[in-house]
Every structure is written in C-alpha cells, then in structure tokens.
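In what follows, a structure is listed as structure tokens, so that the remarks can point back to it.
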Amino acid sequence: MQITQLTTGTMQVFCYLIGCPASRHAAVIDPGGDEEKILAIAAAAGMTIRWIVNTHGHPDHTLGNARLREATGAAIVMHVDDARWITTPEAGAAFASMGLPFSPPPDRTVTDGEVLPLGEFGLTVLHTPGHSPGSICLLAPGNLFTGDSLFVGAAGRVDLPGGSFETLMASLAAKLLPLPDDTVIWPGHDYGDTPTSTIGIEKQQNPYLGGEW
C-alpha cells in the first residue's frame, strides 16, 4: 500500500492518496483543494484514481470533488447521512459563505461496514457520527483515516449542524478503541504535535479516546 499525505487548500485539510502497487488503482480521501497537485502526484506514481471518498460532507473536505471527478471519472463516495445533507439549501449556503466550490452529490453512498475495493486490499467504512451525522473513518490494513472524527491528541468539533459530543464519544469508543494499538492514525487536519499517530498512543495521551473527558 502506498500512502501520500498532502496538506491541501486554504483550510489546510489533510488529503490522502492511497494506492495499490499491484493494480495501480488509487483512492483520494478528502480532496480539500489543490486538485492539480493531487492529479500530478497520482500520474507520477502511475496510479488511476478510482474513488474520491469524503470522510464527511463539510465544504473544506469536499471542495475538490467536482474537479477530480471531471479529470478522472472516479466515483464520489460519501456516507448516506451526509449525502442527504449535501443536497440541501443549508449545504449550499455553507459552501457559498466560505467561497468554496460546491460539491456535486456523491455517485455512491455507503453505510457502516461496506468495503471499497482497491486492488489487493479494501477500505472498510466505519460510521463514526458526532462531528457530522455521516462522518466516517476508513480502515485499510494497519491504517485508519479518521477525517474530523479523531485528531492527534484531540477530537472533532461538535458545534456545527448535526454535531453531538455524546454521539462522537460513543462512536470513538465503539469503533476505534477496539482496533489494534499499532493501527496508524491519519487525521483530517494537522492539529497535533505530529501529523500521524497510533491507536495505542492515542489511548494513552488523547483524553477523548481514553475516556477521560
């Protein structure tokens, strides 16, 4: 598995290009801007982008969807709950207020436990509502892409529409705590002391994953 972590856009979103060396298929998680850079890196690696996956529907994590789909023909993927939100006038107002390109509706919606195939491995959807109703994490062998559900040393904000602190804490406890300690965490923003972490380290140091809140 090849993982490239990119800081994208004015809101400094961590975007990930994940590729299978055998099939040369790739997925882009949370294109937060800088679409041409993402496309260039994929091309240089000889990767064909198959999926554009959003960990949630907020504008900063979805603003690159339209351009990447136009350039690659890849399917936009989002959890069904945030897919409903992104088509609402409220979502349109959110994009407009931030001056960000509007994302088209997803081509595929997913629910908890579904797997997006990517060559010799897959991305398993873990539904982790709380930051938004349709927030997800994506589990690949030994790696977890957490979006805005879990950061290094912190957890996602819950003061936006559809957010819930209690729901987020329940999600982290049910879906992330049981994972092996050596699972690498790849967050949606660089808000911690390091750009990545592990489940084991976060159990020890992150009050939101350790249950000390």
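Going by the structure tokens order, chains are called A, B, ..., each with residues numbered from 1, while ligands are numbered from 1 in the order shown.
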
Find the nearest atom pair between each residue of region 18-95 of chain A and region 132-139 of chain A for residues within 9 Å, count only C-alpha atoms, give distances in Å to one decimal, sort rows by chain and ascending number, and present the table as CSV.
```
residue,atom,partner,partner_atom,distance
A:Asn54,CA,A:Ile136,CA,8.2
A:Thr55,CA,A:Ile136,CA,5.0
A:His56,CA,A:Ser135,CA,4.6
A:Gly57,CA,A:Gly134,CA,7.6
A:His58,CA,A:Ser132,CA,8.4
A:Met78,CA,A:Gly134,CA,7.8
A:His79,CA,A:Gly134,CA,5.2
A:Val80,CA,A:Gly134,CA,6.6
A:Asp81,CA,A:Gly134,CA,4.5
A:Asp82,CA,A:Gly134,CA,4.5
A:Ala83,CA,A:Gly134,CA,7.7
A:Trp85,CA,A:Gly134,CA,8.9
```

Discussion item. Neighbouring residues of Gly64 (chain A) were defined as those with any atom within 8 Å, considering only C-alpha atoms; residues of the same chain fewer than 4 positions away were excluded. Please report them as number ranges by chain.
Written reply: A: 30-35, 68, 101, 103

Discussion item. When you look at Glu114 (chain A) with a cut-off of 9 Å (counting only C-alpha atoms), what residues show up, excluding the ones that are within fewer than 6 positions of it in the same chain? I need them as a ChimeraX atom specification.
Written reply: /A:123-126

Worksheet item: Please, what distance in Å, to one decimal, runs between CA of Val115 (chain A) and CA of Val152 (chain A)?
Response: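 If I compute the distance from CA of Val115 (chain A) to CA of Val152 (chain A), I get 25.1 Å.
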
Worksheet item: Counting only C-alpha atoms, what is within 10 Å of Asp190 (chain A), bar same-chain residues fewer than 5 positions away, as a PyMOL selection string?
Response: chain A and resi 7+12-14+151-152+195-196

Worksheet item: To one decimal place, how far is CA of Pro161 (chain A) from CA of Gly147 (chain A) in Å?
Response: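 Separation of CA of Pro161 (chain A) and CA of Gly147 (chain A): 17.0 Å.
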
Worksheet item: Could you pull out the alpha helix (DSSP H) residues of region 11-184 of chain A from DSSP and send them as a PyMOL selection string?
Response: chain A and resi 35-44+59-62+65-72+80-85+89-98+165-171

Polymer residues at most 12 Å from Asp159 (chain A), only C-alpha atoms, same-chain spacing of 5 or more positions, as a tab-separated table (two decimals) with N, CA and C atoms, in the first residue's frame:
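The resulting result_15.tsv:
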```
chain	number	residue	atom	x	y	z
A	130	GLY	N	-21.01	12.20	14.88
A	130	GLY	CA	-20.72	13.07	16.01
A	130	GLY	C	-20.21	14.41	15.53
A	131	HIS	N	-19.17	14.40	14.69
A	131	HIS	CA	-18.74	15.64	14.05
A	131	HIS	C	-19.80	16.07	13.04
A	132	SER	N	-20.32	15.11	12.32
A	132	SER	CA	-21.49	15.29	11.46
A	132	SER	C	-22.24	13.96	11.49
A	164	SER	N	-22.73	16.32	17.70
A	164	SER	CA	-23.13	15.88	19.04
A	164	SER	C	-21.92	15.32	19.76
A	165	PHE	N	-21.58	15.91	20.89
A	165	PHE	CA	-20.45	15.42	21.67
A	165	PHE	C	-20.69	14.00	22.16
A	166	GLU	N	-21.86	13.72	22.69
A	166	GLU	CA	-22.15	12.39	23.22
A	166	GLU	C	-22.09	11.34	22.11
A	168	LEU	N	-20.34	11.54	19.29
A	168	LEU	CA	-18.95	11.36	18.88
A	168	LEU	C	-18.18	10.50	19.87
```

Item to complete: Apply DSSP to the structure's backbone, then extract all residues of region 55-121 of chain A labelled strand (DSSP E) and return them as a PyMOL selection string.
Response: chain A and resi 75-79+108-110+115-118+121

Just write the chosen residues, N, CA and C atoms, as a CSV table (one decimal), in the first residue's frame.
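Output saved as selection-v8.csv:
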```
chain,number,residue,atom,x,y,z
A,75,ALA,N,-15.6,7.8,-9.0
A,75,ALA,CA,-16.8,7.9,-8.3
A,75,ALA,C,-16.6,8.7,-6.9
A,76,ILE,N,-17.5,9.7,-6.7
A,76,ILE,CA,-17.5,10.3,-5.4
A,76,ILE,C,-18.3,9.5,-4.4
A,77,VAL,N,-17.7,9.3,-3.2
A,77,VAL,CA,-18.3,8.4,-2.2
A,77,VAL,C,-18.5,9.1,-0.9
A,78,MET,N,-19.7,8.9,-0.3
A,78,MET,CA,-20.0,9.6,1.0
A,78,MET,C,-21.0,8.8,1.7
A,79,HIS,N,-20.9,8.9,3.0
A,79,HIS,CA,-22.0,8.2,3.8
A,79,HIS,C,-23.3,8.7,3.5
A,108,ARG,N,-21.9,7.4,-5.2
A,108,ARG,CA,-22.2,6.2,-4.4
A,108,ARG,C,-22.3,6.5,-2.9
A,109,THR,N,-23.3,6.1,-2.3
A,109,THR,CA,-23.4,6.3,-0.8
A,109,THR,C,-23.0,4.9,-0.1
A,110,VAL,N,-22.5,5.1,1.1
A,110,VAL,CA,-22.1,3.9,1.8
A,110,VAL,C,-22.6,3.9,3.2
A,115,VAL,N,-17.2,-2.1,2.1
A,115,VAL,CA,-15.8,-2.1,1.7
A,115,VAL,C,-15.7,-1.6,0.3
A,116,LEU,N,-14.8,-0.6,0.1
A,116,LEU,CA,-14.5,-0.1,-1.2
A,116,LEU,C,-13.3,-0.9,-1.7
A,117,PRO,N,-13.4,-1.7,-2.7
A,117,PRO,CA,-12.2,-2.5,-3.2
A,117,PRO,C,-11.2,-1.6,-3.8
A,118,LEU,N,-9.9,-1.9,-3.6
A,118,LEU,CA,-8.8,-1.1,-4.1
A,118,LEU,C,-7.7,-2.1,-4.4
A,121,PHE,N,-6.4,-4.8,-1.7
A,121,PHE,CA,-7.0,-4.6,-0.3
A,121,PHE,C,-8.3,-3.7,-0.5
```

Worksheet item: Looking at only C-alpha atoms, which of A:Leu176, A:Ile3, A:Ala42, A:Met11 is the one that sits closest to Met98 (chain A)?
Response: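 Checking each candidate against Met98 (chain A), we get A:Met11 as the closest.
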
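Atom pair CA of Asp182 (chain A) / CA of Thr128 (chain A) has a distance of 19.9 Å (rounded to one decimal).
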